[in-house]
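Have a look at input-v7.txt; it's compact mmCIF, C-alpha atoms:
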```txt
# COMPACT_ATOMS: atom_id res chain seq x y z
CA MET A 17 277.95 322.30 218.22
CA LYS A 18 277.64 321.57 214.50
CA LEU A 19 276.46 318.15 213.33
CA ALA A 20 276.38 317.05 209.69
CA THR A 21 275.32 313.97 207.78
CA ALA A 22 278.13 312.90 205.47
CA ARG A 23 279.39 310.19 203.15
CA ILE A 24 282.65 309.16 204.82
CA ASP A 25 284.22 306.67 202.39
CA ASP A 26 284.18 305.44 198.80
CA ALA A 27 281.79 302.65 199.79
CA GLY A 28 279.12 305.24 200.58
CA THR A 29 279.08 304.75 204.36
CA VAL A 30 276.96 307.44 205.99
CA ALA A 31 277.75 308.94 209.39
CA THR A 32 276.84 311.79 211.67
CA VAL A 33 279.92 313.99 211.99
CA LEU A 34 280.74 316.62 214.59
CA VAL A 35 282.15 319.41 212.44
CA ASP A 36 285.30 321.04 213.80
CA HIS A 37 286.23 323.25 210.84
CA ALA A 38 284.90 324.00 207.37
CA ASP A 39 285.92 326.19 204.45
CA ALA A 40 285.24 326.29 200.72
CA THR A 41 287.45 323.27 200.02
CA SER A 42 287.28 320.93 203.01
CA VAL A 43 285.39 319.92 206.14
CA THR A 44 287.11 318.37 209.13
CA GLY A 45 285.37 316.60 211.95
CA ARG A 46 284.94 313.50 214.09
CA ILE A 47 282.57 310.60 213.59
CA VAL A 48 279.78 310.51 216.18
CA GLU A 49 277.74 307.58 214.86
CA ARG A 50 277.73 305.58 211.63
CA CYS A 51 274.20 306.61 210.78
CA ASP A 52 272.55 309.77 209.52
CA LEU A 53 271.59 312.56 211.89
CA GLY A 54 267.87 311.77 211.74
CA THR A 55 268.55 308.24 212.93
CA LEU A 56 270.84 309.54 215.68
CA LEU A 57 268.18 311.97 216.90
CA ALA A 58 265.68 309.12 217.17
CA LYS A 59 267.98 307.01 219.30
CA THR A 60 267.49 306.88 223.07
CA PRO A 61 268.31 307.43 225.85
CA GLY A 62 269.62 310.89 226.58
CA ASP A 63 269.56 314.30 224.98
CA LEU A 64 271.52 315.17 221.86
CA THR A 65 274.62 316.33 223.74
CA ALA A 66 274.73 313.06 225.65
CA LYS A 67 274.35 311.08 222.42
CA VAL A 68 277.20 312.99 220.82
CA ASP A 69 279.48 312.53 223.85
CA THR A 70 278.72 308.80 223.93
CA GLY A 71 279.34 308.45 220.20
CA LEU A 72 282.65 310.30 220.34
CA ARG A 73 283.86 308.07 223.16
CA ARG A 74 282.86 304.99 221.19
CA ASP A 75 284.24 306.09 217.82
CA GLY A 76 285.52 309.65 217.42
CA GLU A 77 287.54 308.90 214.27
CA GLU A 78 288.88 312.09 212.71
CA LEU A 79 288.36 312.70 209.03
CA THR A 80 288.63 315.33 206.33
CA MET A 81 285.95 315.54 203.64
CA ASP A 82 285.15 317.44 200.51
CA PRO A 83 282.08 319.68 201.11
CA ALA A 84 280.36 317.69 198.34
CA ASP A 85 280.42 314.68 200.69
CA LEU A 86 277.87 316.40 202.93
CA LEU A 87 274.42 314.88 202.41
CA PRO A 88 271.00 316.37 203.19
CA LEU A 89 271.17 317.09 206.91
CA ILE A 90 268.16 314.84 207.55
CA PRO A 91 268.05 312.54 204.50
CA ARG A 92 264.72 310.88 205.27
CA PRO A 93 262.62 313.01 207.63
CA GLY A 94 259.34 311.43 208.63
CA LYS A 95 257.80 314.85 208.02
CA ALA A 96 259.18 317.86 206.18
CA LEU A 97 256.68 320.67 206.71
CA CYS A 98 257.09 323.92 204.82
CA VAL A 99 255.61 327.29 205.68
CA GLY A 100 254.50 329.67 202.96
CA LEU A 101 253.91 333.41 203.36
CA ASN A 102 255.82 333.93 206.58
CA TYR A 103 257.58 337.28 206.01
CA ARG A 104 255.36 340.32 205.53
CA GLU A 105 257.36 341.83 202.66
CA HIS A 106 257.27 338.51 200.78
CA ILE A 107 253.54 338.23 201.38
CA VAL A 108 253.13 341.67 199.80
CA GLU A 109 255.36 340.89 196.80
CA MET A 110 253.32 337.73 196.14
CA GLY A 111 250.02 339.62 196.42
CA HIS A 112 248.54 337.78 199.41
CA PRO A 113 247.01 339.00 202.69
CA VAL A 114 248.90 338.33 205.91
CA PRO A 115 247.51 334.97 207.13
CA ASP A 116 245.94 334.40 210.52
CA HIS A 117 247.40 330.89 210.68
CA PRO A 118 250.54 329.33 209.18
CA THR A 119 250.23 328.28 205.54
CA LEU A 120 251.60 324.72 205.52
CA PHE A 121 252.48 322.24 202.80
CA ALA A 122 254.54 319.06 202.64
CA LYS A 123 257.91 318.44 201.03
CA PHE A 124 258.79 314.81 200.39
CA ALA A 125 262.12 313.32 201.45
CA THR A 126 262.89 312.66 197.77
CA ALA A 127 262.89 316.44 197.15
CA LEU A 128 265.83 317.01 199.50
CA THR A 129 269.45 317.14 198.40
CA GLY A 130 272.85 317.94 199.80
CA PRO A 131 273.97 321.45 200.73
CA PHE A 132 276.39 321.71 197.77
CA ALA A 133 274.59 319.74 195.08
CA GLU A 134 273.76 320.21 191.43
CA VAL A 135 270.03 320.27 190.78
CA THR A 136 268.78 318.88 187.48
CA VAL A 137 265.53 320.46 186.33
CA PRO A 138 263.71 318.73 183.45
CA GLU A 139 262.83 321.12 180.65
CA ASN A 140 259.09 320.71 181.25
CA LEU A 141 259.59 322.03 184.81
CA ALA A 142 262.18 324.71 184.09
CA GLU A 143 260.17 327.66 182.76
CA LYS A 144 259.73 329.29 186.18
CA ALA A 145 262.27 327.54 188.41
CA ASP A 146 262.81 329.63 191.55
CA TYR A 147 264.89 329.82 194.73
CA GLU A 148 263.65 330.44 198.28
CA GLY A 149 266.21 330.87 201.04
CA GLU A 150 264.81 329.63 204.35
CA LEU A 151 265.58 328.98 208.00
CA VAL A 152 265.09 325.29 208.90
CA VAL A 153 264.05 323.93 212.31
CA VAL A 154 265.01 320.36 213.24
CA ILE A 155 262.98 318.52 215.86
CA GLY A 156 264.92 316.61 218.52
CA ARG A 157 262.23 315.40 220.93
CA ARG A 158 258.89 313.71 220.36
CA LEU A 159 255.82 315.91 220.82
CA PRO A 160 252.52 313.99 220.81
CA GLY A 161 249.93 315.63 218.60
CA ALA A 162 246.22 316.33 218.94
CA VAL A 163 246.36 316.72 222.73
CA GLY A 164 246.01 320.48 222.88
CA GLY A 165 249.43 321.34 221.48
CA ALA A 166 252.78 321.83 223.17
CA SER A 167 253.46 324.54 225.70
CA GLU A 168 255.98 327.23 224.82
CA ASP A 169 258.65 325.56 226.95
CA GLU A 170 257.90 322.12 225.49
CA ALA A 171 258.10 323.49 221.96
CA ARG A 172 261.39 325.24 222.64
CA ASP A 173 262.86 322.10 224.23
CA ALA A 174 261.76 320.03 221.23
CA ILE A 175 263.94 322.04 218.83
CA ALA A 176 267.29 320.31 218.42
CA GLY A 177 268.75 323.15 216.38
CA TYR A 178 268.67 325.06 213.11
CA ALA A 179 269.95 324.79 209.56
CA VAL A 180 269.70 326.45 206.15
CA GLY A 181 267.44 325.44 203.27
CA ASN A 182 266.47 326.33 199.72
CA ASP A 183 262.80 325.60 199.06
CA PHE A 184 263.37 325.13 195.33
CA SER A 185 260.11 325.78 193.48
CA GLN A 186 258.53 325.60 190.03
CA ARG A 187 256.13 328.56 190.09
CA ASP A 188 254.02 327.68 187.05
CA TRP A 189 253.41 324.22 188.46
CA GLN A 190 252.88 325.59 191.97
CA TYR A 191 249.97 327.75 190.83
CA ARG A 192 248.26 325.22 188.61
CA THR A 193 245.91 324.68 191.57
CA GLN A 194 245.28 326.26 194.96
CA GLN A 195 247.42 323.49 196.48
CA TRP A 196 251.17 324.05 195.98
CA LEU A 197 252.44 320.48 196.35
CA GLN A 198 253.25 319.83 192.69
CA GLY A 199 255.49 322.89 192.47
CA LYS A 200 257.52 322.09 195.57
CA ASN A 201 258.69 318.51 195.22
CA LEU A 202 261.07 318.14 192.30
CA ASP A 203 263.38 315.22 193.07
CA ALA A 204 266.72 316.16 194.67
CA SER A 205 266.17 319.90 194.37
CA SER A 206 266.00 321.43 197.85
CA GLY A 207 269.37 321.85 199.53
CA LEU A 208 269.33 321.20 203.28
CA GLY A 209 272.27 321.77 205.59
CA PRO A 210 275.12 322.27 205.76
CA TRP A 211 274.89 321.14 209.37
CA LEU A 212 272.67 321.32 212.44
CA THR A 213 273.74 324.20 214.69
CA THR A 214 272.61 323.60 218.26
CA ASP A 215 274.00 326.60 220.13
CA VAL A 216 272.57 329.50 218.10
CA ASP A 217 269.01 330.84 218.22
CA PRO A 218 268.93 332.77 214.93
CA VAL A 219 265.61 334.48 215.64
CA ALA A 220 266.61 335.70 219.11
CA GLU A 221 269.97 336.83 217.73
CA ASP A 222 268.43 338.70 214.78
CA ALA A 223 270.39 336.58 212.31
CA VAL A 224 270.14 337.75 208.71
CA LEU A 225 269.26 335.44 205.81
CA ARG A 226 270.89 336.28 202.48
CA THR A 227 270.47 334.70 199.06
CA TRP A 228 272.74 335.31 196.09
CA VAL A 229 272.18 334.27 192.46
CA ASN A 230 275.44 334.26 190.51
CA GLY A 231 276.89 336.59 193.12
CA GLU A 232 274.01 339.08 193.00
CA LEU A 233 272.33 339.62 196.36
CA ARG A 234 268.60 338.90 195.92
CA GLN A 235 267.36 338.33 199.48
CA GLU A 236 268.51 339.98 202.71
CA HIS A 237 266.25 339.90 205.72
CA SER A 238 266.33 339.24 209.46
CA THR A 239 264.90 335.92 210.60
CA ALA A 240 263.53 337.81 213.61
CA ASP A 241 260.84 339.20 211.27
CA LEU A 242 259.14 335.85 210.72
CA VAL A 243 255.38 336.25 211.15
CA PHE A 244 255.17 332.80 212.79
CA LYS A 245 258.40 332.08 214.65
CA PRO A 246 259.88 328.60 215.21
CA VAL A 247 258.36 328.03 218.65
CA ASP A 248 254.97 329.24 217.39
CA LEU A 249 255.17 326.85 214.44
CA VAL A 250 256.10 323.89 216.64
CA ARG A 251 253.20 324.64 218.97
CA TYR A 252 250.72 325.03 216.12
CA ILE A 253 251.78 321.89 214.27
CA SER A 254 251.74 319.83 217.45
CA GLU A 255 248.06 320.64 217.84
CA PHE A 256 247.17 318.35 214.94
CA THR A 257 250.08 315.93 214.37
CA THR A 258 252.84 314.28 216.35
CA LEU A 259 256.30 315.68 215.78
CA GLU A 260 259.09 313.13 215.90
CA PRO A 261 262.88 313.48 216.23
CA GLY A 262 264.30 314.23 212.81
CA ASP A 263 261.22 316.00 211.49
CA VAL A 264 262.00 319.34 209.86
CA ILE A 265 260.08 322.60 209.55
CA ILE A 266 261.14 324.86 206.68
CA THR A 267 259.94 328.20 207.93
CA GLY A 268 259.36 330.41 204.87
CA THR A 269 261.25 332.83 202.65
CA PRO A 270 261.62 336.64 202.69
CA GLU A 271 261.06 338.98 199.76
CA GLY A 272 263.35 338.86 196.75
CA VAL A 273 262.39 335.56 195.14
CA GLY A 274 262.49 335.25 191.36
CA ALA A 275 258.71 335.25 191.14
CA GLY A 276 258.62 338.71 192.69
CA SER A 277 260.66 340.23 189.86
CA ASP A 278 260.02 337.71 187.07
CA ARG A 279 263.66 336.63 187.16
CA PHE A 280 263.73 332.86 187.16
CA LEU A 281 266.65 330.43 187.19
CA ALA A 282 268.51 329.30 184.09
CA ASP A 283 271.02 326.60 183.26
CA GLY A 284 274.30 327.13 185.10
CA ASP A 285 272.92 329.55 187.70
CA GLU A 286 274.41 329.27 191.18
CA VAL A 287 272.22 329.99 194.20
CA THR A 288 273.79 330.48 197.62
CA VAL A 289 271.69 330.82 200.77
CA GLU A 290 273.41 331.89 203.99
CA ILE A 291 272.15 332.60 207.50
CA ASP A 292 274.37 334.29 210.08
CA GLY A 293 275.82 331.69 212.42
CA LEU A 294 274.37 328.70 210.55
CA GLY A 295 276.48 328.42 207.39
CA SER A 296 275.33 328.26 203.79
CA VAL A 297 273.99 325.95 201.10
CA LYS A 298 274.82 326.28 197.41
CA THR A 299 272.81 324.97 194.47
CA THR A 300 273.99 324.78 190.86
CA VAL A 301 271.12 324.54 188.38
CA ARG A 302 271.24 322.24 185.35
CA ILE A 303 268.40 322.26 182.84
CA GLY A 304 267.59 319.13 180.88
```
Spell out the structure here as C-alpha cells.
Amino acid sequence: MKLATARIDDAGTVATVLVDHADATSVTGRIVERCDLGTLLAKTPGDLTAKVDTGLRRDGEELTMDPADLLPLIPRPGKALCVGLNYREHIVEMGHPVPDHPTLFAKFATALTGPFAEVTVPENLAEKADYEGELVVVIGRRLPGAVGGASEDEARDAIAGYAVGNDFSQRDWQYRTQQWLQGKNLDASSGLGPWLTTDVDPVAEDAVLRTWVNGELRQEHSTADLVFKPVDLVRYISEFTTLEPGDVIITGTPEGVGAGSDRFLADGDEVTVEIDGLGSVKTTVRIG
C-alpha cells in the first residue's frame, strides 16, 4: 500500500491518496481522506489499513495528478528527528568515530518540501550546499516516552511504513558550532516522499539507497548496513520522548555526500534519491 499527501484541485485542497500507479508524468490514485497523511494517522479508531478502507468506502474518488502535486508526505510532523553518522563508511569519510548511541538532531516542519520540488538556496547559504539521501521512518502508533522505552515488538508495531528523504544541508553553517541545527533547517529544502510504503521492510529486504546528481551516481549503499536500524532508533527515542502518529525519523545517509569529496551543489543541479521498493524524490537547486 502506497499513501501520499497531495494537492487535489486548483483551490489547494489537500488529501491523503492511495496511489495506484505512478510514472514520470502522472500519478493516479483514489482519495482516502481530505486531510494530509499525518492527520489521517492521528485519527482513531483502528489501524492504518482500517482507516484507509473506511476512507475509500466513504469517498474513493479517482484522480490523476501531476507528480508536482505531491506534497511533503507528512507536511507538519510534531517531531522530525534526524540521525547523523549512521553508516560506517559515511562516518569514516566525515572523520568521526563510530558512535555508541544515535546522534540525533531536529528538523523543523518548515524545512520539509515536496518530493519533486525546486529548492531555493539564498546566496549566503549556498557555498557548501549538500545532499544526503536517507531512509525515512513514519510513526503510526503512539509510544509513551520516558517509561523505560518500547519493546522490540512495540517499536516494530509503531512503524506505519517507510519513505525517502533528502536531508539537505549547508555544511559551512552546520559546522559553525558543535550543534548542527543551523545547517539542517533551510526553509522548504528537504524533500520527503514520494509516498508512505507500508508493505516493504527495506532493511530486512536489503534495499539499496542510491543518489544521483545530474545523472551521476554519488551514493549507493544497502539500508541493511545502518548502524542503528529503524526499530533500534524507535526504541531509543521512546526512552526519552513520546512518539506520536505522524512523527518521522530520518535515519542517516551513506558515504558519497558532497562534503566527502568537496563537490557541493550549484544552481540548476538535480538531485535524485531512490530506495528500492520505496520510490524516489527529486530536488532541483536554485541559488539566489
Computed interatomic separation between atom CA of A:Asp278 and atom CA of A:Gln186 (Å):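 A separation of 12.6 Å between them.
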Non-local contacts of A:Asp263 (10 Å; all atoms listed in the file; under 3 positions in same chain excluded) as a VMD selection string: chain A and resid 54 57 to 58 90 92 to 97 153 to 158 175 258 to 260
A:Ile24 surroundings by all atoms listed in the file, 8 Å radius, close-in-sequence under 6 positions cut, as a VMD selection string: chain A and resid 30 to 31 79 81 85
Spatial neighbours of stretch 201-211 of chain A, 8 Å, only C-alpha atoms, chain gap at least 3 places, as a VMD selection string: chain A and resid 18 to 21 86 to 90 123 to 124 126 to 133 135 to 137 179 to 185 197 to 198 294 to 299
Shortest interatomic distance to A:Met17 - which of A:Val216, A:Leu249, A:Val243, A:Ala166, counting all atoms listed in the file: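 The shortest atom-to-atom distance to A:Met17 comes from A:Val216.
Taking atom CA of A:Thr300 and atom CA of A:Leu212 as endpoints, the distance between them is 21.9 Å.
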Shell around A:Gly304 at 10 Å using all atoms listed in the file, local window under 6 positions removed, as a count of residues only: 8
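Atom CA of A:Leu64 lies 27.4 Å from atom CA of A:Ala27.
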Contacts of A:Ala162 within 10 Å, only C-alpha atoms, excl. fewer than 2 positions in-chain, as a PyMOL selection string: chain A and resi 159-160+164-166+253-258
Prev. selection, C-alpha atoms, output as a short mmCIF file (atom, residue, chain, number, x, y, z; two decimals), in the coordinates of the input:
```cif
data_model
loop_
_atom_site.label_atom_id
_atom_site.label_comp_id
_atom_site.auth_asym_id
_atom_site.auth_seq_id
_atom_site.Cartn_x
_atom_site.Cartn_y
_atom_site.Cartn_z
CA LEU A 159 255.82 315.91 220.82
CA PRO A 160 252.52 313.99 220.81
CA GLY A 164 246.01 320.48 222.88
CA GLY A 165 249.43 321.34 221.48
CA ALA A 166 252.78 321.83 223.17
CA ILE A 253 251.78 321.89 214.27
CA SER A 254 251.74 319.83 217.45
CA GLU A 255 248.06 320.64 217.84
CA PHE A 256 247.17 318.35 214.94
CA THR A 257 250.08 315.93 214.37
CA THR A 258 252.84 314.28 216.35
#
```
